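Q: My file is run03.cif. It has mmCIF, C-alpha atoms and all ligand atoms:
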data_final
loop_
_atom_site.label_atom_id
_atom_site.label_comp_id
_atom_site.auth_asym_id
_atom_site.auth_seq_id
_atom_site.Cartn_x
_atom_site.Cartn_y
_atom_site.Cartn_z
CA MET A 401 -155.18 -69.15 -63.58
CA LYS A 402 -154.49 -72.36 -65.49
CA ASP A 403 -156.67 -75.39 -64.84
CA VAL A 404 -154.24 -78.07 -66.00
CA LEU A 405 -151.13 -78.88 -63.96
CA CYS A 406 -148.07 -80.64 -65.37
CA ILE A 407 -145.99 -81.86 -62.44
CA TYR A 408 -142.85 -83.94 -62.78
CA TYR A 409 -139.55 -85.20 -61.45
CA SER A 410 -136.50 -85.39 -63.67
CA ARG A 411 -133.06 -86.67 -62.70
CA THR A 412 -131.22 -85.93 -65.96
CA GLY A 413 -133.56 -83.57 -67.86
CA LYS A 414 -135.39 -85.90 -70.28
CA THR A 415 -138.70 -85.90 -68.44
CA ARG A 416 -138.29 -82.15 -67.96
CA GLN A 417 -137.95 -81.63 -71.69
CA ALA A 418 -141.02 -83.74 -72.50
CA MET A 419 -143.11 -82.09 -69.79
CA GLU A 420 -142.08 -78.60 -70.91
CA GLU A 421 -143.29 -79.40 -74.43
CA VAL A 422 -146.55 -80.93 -73.23
CA ALA A 423 -147.25 -78.06 -70.82
CA LEU A 424 -146.69 -75.54 -73.60
CA ALA A 425 -149.06 -77.35 -75.96
CA LEU A 426 -151.74 -77.65 -73.25
CA ASP A 427 -151.19 -74.11 -71.88
CA ALA A 428 -150.68 -75.77 -68.49
CA GLU A 429 -148.89 -74.78 -65.30
CA LEU A 430 -145.54 -76.56 -65.00
CA VAL A 431 -144.05 -77.58 -61.65
CA GLU A 432 -140.92 -79.63 -60.92
CA ILE A 433 -140.69 -81.54 -57.66
CA THR A 434 -137.84 -83.17 -55.76
CA ASP A 435 -137.22 -84.93 -52.49
CA GLY A 436 -133.88 -83.16 -52.17
CA GLN A 437 -131.94 -86.42 -52.34
CA ASP A 438 -128.62 -86.33 -54.21
CA ARG A 439 -129.16 -88.77 -57.10
CA THR A 440 -126.12 -87.88 -59.17
CA GLY A 441 -123.50 -90.33 -60.35
CA PHE A 442 -123.32 -94.08 -59.85
CA LYS A 443 -124.30 -93.88 -56.17
CA GLY A 444 -127.37 -91.82 -57.05
CA PHE A 445 -128.31 -94.25 -59.82
CA MET A 446 -128.04 -97.26 -57.51
CA LEU A 447 -129.95 -95.56 -54.72
CA SER A 448 -132.74 -94.55 -57.11
CA GLY A 449 -133.02 -98.06 -58.58
CA MET A 450 -133.12 -99.59 -55.11
CA GLU A 451 -135.84 -97.20 -53.93
CA ALA A 452 -137.95 -97.87 -57.02
CA MET A 453 -137.66 -101.64 -56.55
CA ARG A 454 -138.56 -101.41 -52.87
CA ARG A 455 -141.29 -98.84 -53.55
CA SER A 456 -139.77 -96.76 -50.76
CA THR A 457 -140.13 -92.98 -50.74
CA ARG A 458 -138.80 -89.93 -48.93
CA PRO A 459 -140.65 -86.77 -47.93
CA LEU A 460 -140.85 -84.22 -50.75
CA GLN A 461 -139.40 -80.74 -50.60
CA PRO A 462 -142.21 -78.18 -50.35
CA PHE A 463 -143.56 -77.08 -53.72
CA ALA A 464 -146.11 -74.47 -54.73
CA THR A 465 -148.97 -74.72 -57.21
CA GLU A 466 -151.32 -71.88 -58.16
CA ARG A 467 -154.43 -73.86 -57.15
CA ASN A 468 -155.09 -76.66 -54.69
CA LEU A 469 -154.45 -80.01 -56.37
CA GLU A 470 -158.16 -80.90 -56.26
CA ASP A 471 -159.04 -77.72 -58.17
CA TYR A 472 -157.22 -78.66 -61.40
CA ARG A 473 -159.33 -80.22 -64.13
CA LEU A 474 -156.38 -82.45 -64.89
CA VAL A 475 -152.99 -83.23 -63.37
CA VAL A 476 -150.37 -84.64 -65.77
CA LEU A 477 -147.68 -86.55 -63.84
CA GLY A 478 -144.27 -86.95 -65.48
CA THR A 479 -141.72 -89.50 -64.30
CA PRO A 480 -138.69 -91.40 -65.55
CA VAL A 481 -138.94 -95.21 -65.48
CA TRP A 482 -136.70 -96.62 -62.77
CA ALA A 483 -136.16 -100.39 -62.65
CA GLY A 484 -139.47 -100.97 -64.43
CA ARG A 485 -141.40 -98.78 -61.99
CA CYS A 486 -142.22 -95.11 -61.56
CA SER A 487 -139.54 -93.00 -59.86
CA SER A 488 -139.62 -92.95 -56.06
CA VAL A 489 -140.06 -89.17 -56.17
CA ILE A 490 -143.31 -89.34 -58.16
CA ARG A 491 -144.40 -92.30 -56.02
CA ALA A 492 -143.87 -90.03 -52.98
CA LEU A 493 -146.21 -87.45 -54.52
CA LEU A 494 -148.80 -90.09 -55.43
CA LYS A 495 -148.66 -91.70 -51.97
CA ARG A 496 -149.14 -88.44 -50.12
CA ARG A 497 -151.31 -86.39 -52.47
CA GLY A 498 -152.71 -88.78 -55.10
CA LEU A 499 -156.22 -88.81 -53.71
CA GLU A 500 -156.42 -85.00 -54.01
CA MET A 501 -156.13 -85.20 -57.81
CA LYS A 502 -159.52 -85.26 -59.55
CA ARG A 503 -158.30 -86.52 -62.94
CA VAL A 504 -154.82 -87.63 -63.95
CA ALA A 505 -152.74 -88.47 -67.03
CA TYR A 506 -149.24 -89.99 -67.05
CA LEU A 507 -146.11 -89.33 -69.05
CA LEU A 508 -143.21 -91.78 -68.64
CA THR A 509 -139.75 -91.45 -70.13
CA ARG A 510 -137.50 -94.44 -70.52
CA ASP A 511 -134.40 -95.66 -72.40
CA SER A 512 -135.28 -99.14 -73.62
CA ASP A 513 -137.60 -100.51 -76.35
CA LYS A 514 -140.06 -101.73 -73.75
CA ARG A 515 -142.93 -99.32 -73.04
CA TYR A 516 -143.59 -100.31 -69.40
CA GLU A 517 -147.33 -99.71 -69.76
CA GLU A 518 -147.95 -101.76 -66.60
CA ILE A 519 -146.63 -98.75 -64.67
CA TYR A 520 -149.84 -96.87 -65.56
CA ASP A 521 -151.90 -99.36 -63.55
CA GLN A 522 -149.41 -99.20 -60.68
CA MET A 523 -149.78 -95.39 -60.57
CA ASP A 524 -153.57 -95.65 -60.77
CA GLN A 525 -153.57 -97.41 -57.41
CA TYR A 526 -152.77 -94.10 -55.69
CA VAL A 527 -155.48 -91.93 -57.27
CA ALA A 528 -159.26 -91.77 -56.99
CA LYS A 529 -160.04 -92.33 -60.68
CA PRO A 530 -158.02 -94.17 -63.34
CA ARG A 531 -155.95 -92.11 -65.79
CA ILE A 532 -157.62 -90.47 -68.78
CA ALA A 533 -154.49 -90.85 -70.94
CA ALA A 534 -150.89 -92.05 -70.71
CA VAL A 535 -147.77 -92.19 -72.84
CA SER A 536 -144.32 -93.74 -72.63
CA LEU A 537 -141.63 -91.77 -74.47
CA ARG A 538 -138.03 -92.28 -75.43
CA VAL A 539 -136.62 -88.76 -75.65
CA GLY A 540 -134.59 -88.34 -78.84
CA ASP A 541 -136.07 -91.47 -80.46
CA VAL A 542 -137.53 -91.34 -84.02
CA GLY A 543 -141.09 -91.94 -82.78
CA TYR A 544 -140.86 -89.36 -80.00
CA ASN A 545 -142.86 -86.53 -81.64
CA TYR A 546 -145.51 -88.94 -82.92
CA TRP A 547 -146.22 -90.41 -79.47
CA ARG A 548 -145.95 -87.07 -77.67
CA ASP A 549 -148.37 -85.38 -80.07
CA GLY A 550 -150.81 -88.31 -79.87
CA PHE A 551 -150.82 -87.92 -76.09
CA ILE A 552 -151.40 -84.17 -76.36
CA ARG A 553 -154.36 -84.75 -78.69
CA GLU A 554 -155.85 -87.36 -76.36
CA VAL A 555 -155.61 -84.97 -73.41
CA GLN A 556 -157.03 -82.09 -75.45
CA SER A 557 -160.00 -84.16 -76.53
CA PHE A 558 -160.67 -85.03 -72.86
CA LEU A 559 -160.46 -81.35 -71.93
CA ASN A 560 -162.82 -80.32 -74.73
C1 LIG A 601 -132.16 -95.86 -61.37
C2 LIG A 601 -132.59 -95.86 -62.81
C3 LIG A 601 -133.26 -96.96 -63.32
C4 LIG A 601 -133.67 -96.98 -64.64
N1 LIG A 601 -134.38 -98.06 -65.09
C5 LIG A 601 -134.82 -98.07 -66.36
C6 LIG A 601 -135.59 -99.17 -66.85
O1 LIG A 601 -135.93 -100.11 -66.12
N2 LIG A 601 -135.97 -99.15 -68.14
C7 LIG A 601 -135.65 -98.12 -68.99
O2 LIG A 601 -136.03 -98.17 -70.15
N3 LIG A 601 -134.95 -97.05 -68.55
C8 LIG A 601 -134.53 -97.00 -67.26
N4 LIG A 601 -133.79 -95.94 -66.82
C9 LIG A 601 -133.54 -94.82 -67.73
C10 LIG A 601 -134.47 -93.64 -67.51
O3 LIG A 601 -135.80 -94.06 -67.36
C11 LIG A 601 -134.45 -92.68 -68.72
O4 LIG A 601 -133.15 -92.30 -69.03
C12 LIG A 601 -135.32 -91.46 -68.43
O5 LIG A 601 -135.71 -90.87 -69.65
C13 LIG A 601 -134.56 -90.44 -67.60
O6 LIG A 601 -135.40 -89.35 -67.33
P1 LIG A 601 -134.83 -88.05 -66.62
O7 LIG A 601 -133.74 -87.50 -67.49
O8 LIG A 601 -136.00 -87.13 -66.57
O9 LIG A 601 -134.32 -88.43 -65.27
C14 LIG A 601 -133.38 -95.88 -65.50
C15 LIG A 601 -132.70 -94.79 -64.98
C16 LIG A 601 -132.31 -94.76 -63.65
C17 LIG A 601 -131.61 -93.55 -63.09
#
Hey, can you dump this file as structure tokens for me?
Ligand SMILES: Cc1cc2nc3c(=O)[nH]c(=O)nc-3n(C[C@H](O)[C@H](O)[C@H](O)COP(=O)(O)O)c2cc1C

A:
Amino acid sequence: MKDVLCIYYSRTGKTRQAMEEVALALDAELVEITDGQDRTGFKGFMLSGMEAMRRSTRPLQPFATERNLEDYRLVVLGTPVWAGRCSSVIRALLKRRGLEMKRVAYLLTRDSDKRYEEIYDQMDQYVAKPRIAAVSLRVGDVGYNYWRDGFIREVQSFLN
């Protein structure tokens, strides 16, 4: 049984891609979550942006992990940046289950030049202990591999 969990939400596949790569490198369990809300198209974009700005969340669809959340050495949370905040789906997970996670690390994906590192502190408010590592990635960007691999090394050195 793996003792690192990579759990994420992805609307258009970029966070999924990054989390798949990180989970493979860390030999971690990989789980995708959703709240079941249709977020496709312009309506879905607007709804998602509005929820992120209001910090509102919906109940999550049930999801299964091999261990209880508190039994992982580390939980890596992956989320797209929405309106300068974490996605409402990952906020829903943090709100409801954040305190069960012993140690956390964050992976953000975004489109713009800005790294949105203030989101790390916002996410820390839902967990018992501050993150051990965090990264903000632009999937497909020239620096992508450099930042992703730096994050993987930081997490590995924590785990060792
Ligand atoms: C509602 C919404 C708001 C967004 N706001 C931002 C933003 O403030 N800054 C940014 O750089 N990217 C923003 N994006 C772009 C996404 O963060 C980016 O495309 C991300 O990598 C998508 O990940 P995904 O494919 O896993 O859903 C936004 C996307 C959506 C849908």

Q: Residues up to 8 Å from ligand LIG 601 (chain A), counting all atoms listed in the file: could you list those as a PyMOL selection string?

A: chain A and resi 409-417+444-450+452+479-485+508-516+537-539

Q: Please, what is the axis-aligned box for every listed atom of range 428-447 of chain A with 3 Å on each side, as centre and edge lengths in Å to one decimal, as AutoDock Vina command-line options?

A:
--center_x -137.0 --center_y -86.0 --center_z -60.3 --size_x 33.4 --size_y 28.5 --size_z 22.3

Q: Would you list the contacts of Leu507 in chain A as a list in words, taking every protein, DNA or RNA residue within 7 Å and counting all atoms listed in the file, but skipping same-chain residues closer than 5 positions in sequence?

A: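 In the requested format, the answer is Leu477, Gly478, Thr479, Ala534, Val535 and Ser536 of chain A.
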
Q: As an exercise, work out the distance from CA of Tyr506 in chain A to CA of Tyr520 in chain A in Å and give it to one decimal place.

A: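 Rounded to one decimal, the two atoms are 7.1 Å apart.
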
Q: Compute the distance from (-157.8, -77.2, -60.6) to each atom, counting only C-alpha atoms, keep the residues with any atom at most 12 Å away, and return them as a VMD selection string; use the coordinates of the file.

A: chain A and resid 401 to 406 428 to 429 465 to 476 500 to 504

Q: Convert the current residue selection to file output with C-alpha atoms, as an mmCIF file, in the frame of the given file.

A:
data_model
loop_
_atom_site.group_PDB
_atom_site.id
_atom_site.type_symbol
_atom_site.label_atom_id
_atom_site.label_comp_id
_atom_site.auth_asym_id
_atom_site.auth_seq_id
_atom_site.Cartn_x
_atom_site.Cartn_y
_atom_site.Cartn_z
ATOM 1 C CA MET A 401 -155.180 -69.150 -63.580
ATOM 2 C CA LYS A 402 -154.490 -72.360 -65.490
ATOM 3 C CA ASP A 403 -156.670 -75.390 -64.840
ATOM 4 C CA VAL A 404 -154.240 -78.070 -66.000
ATOM 5 C CA LEU A 405 -151.130 -78.880 -63.960
ATOM 6 C CA CYS A 406 -148.070 -80.640 -65.370
ATOM 7 C CA ALA A 428 -150.680 -75.770 -68.490
ATOM 8 C CA GLU A 429 -148.890 -74.780 -65.300
ATOM 9 C CA THR A 465 -148.970 -74.720 -57.210
ATOM 10 C CA GLU A 466 -151.320 -71.880 -58.160
ATOM 11 C CA ARG A 467 -154.430 -73.860 -57.150
ATOM 12 C CA ASN A 468 -155.090 -76.660 -54.690
ATOM 13 C CA LEU A 469 -154.450 -80.010 -56.370
ATOM 14 C CA GLU A 470 -158.160 -80.900 -56.260
ATOM 15 C CA ASP A 471 -159.040 -77.720 -58.170
ATOM 16 C CA TYR A 472 -157.220 -78.660 -61.400
ATOM 17 C CA ARG A 473 -159.330 -80.220 -64.130
ATOM 18 C CA LEU A 474 -156.380 -82.450 -64.890
ATOM 19 C CA VAL A 475 -152.990 -83.230 -63.370
ATOM 20 C CA VAL A 476 -150.370 -84.640 -65.770
ATOM 21 C CA GLU A 500 -156.420 -85.000 -54.010
ATOM 22 C CA MET A 501 -156.130 -85.200 -57.810
ATOM 23 C CA LYS A 502 -159.520 -85.260 -59.550
ATOM 24 C CA ARG A 503 -158.300 -86.520 -62.940
ATOM 25 C CA VAL A 504 -154.820 -87.630 -63.950
#

Q: Between CA of Ile490 in chain A and CA of Asp427 in chain A, what is the spacing in Å?

A: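 Here the two named atoms are 22.0 Å from each other.
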
Q: Of the candidates A:Ile552, A:Val527, A:Ile433, A:Ala533, which one gets nearest to Ala505 in chain A if we count all atoms listed in the file?

A: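 Checking each of A:Ile552, A:Val527, A:Ile433, A:Ala533 against Ala505 in chain A, counting all atoms listed in the file, the winner is A:Ala533.
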
Q: Just the number, please: distance in Å from CA of Trp547 in chain A to CA of Thr440 in chain A, one decimal.

A: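 One can read the CA of Trp547 in chain A to CA of Thr440 in chain A distance as 28.7 Å.
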
Q: May I ask which of the residues A:Gly498, A:Val555, A:Glu517, A:Glu421 is the closest one to Lys529 in chain A, counting only C-alpha atoms?

A: A:Gly498

Q: Rank nothing, just name the residue among A:Val422, A:Ile407, A:Ala492, A:Phe442 nearest to Asp549 in chain A, using all atoms listed in the file.

A: A:Val422

Q: Which one of A:Glu420, A:Gly441, A:Ala464, A:Arg458 sits closest to Arg496 in chain A if you count all atoms listed in the file?

A: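 With all atoms listed in the file as the atom set, the closest residue is A:Arg458.
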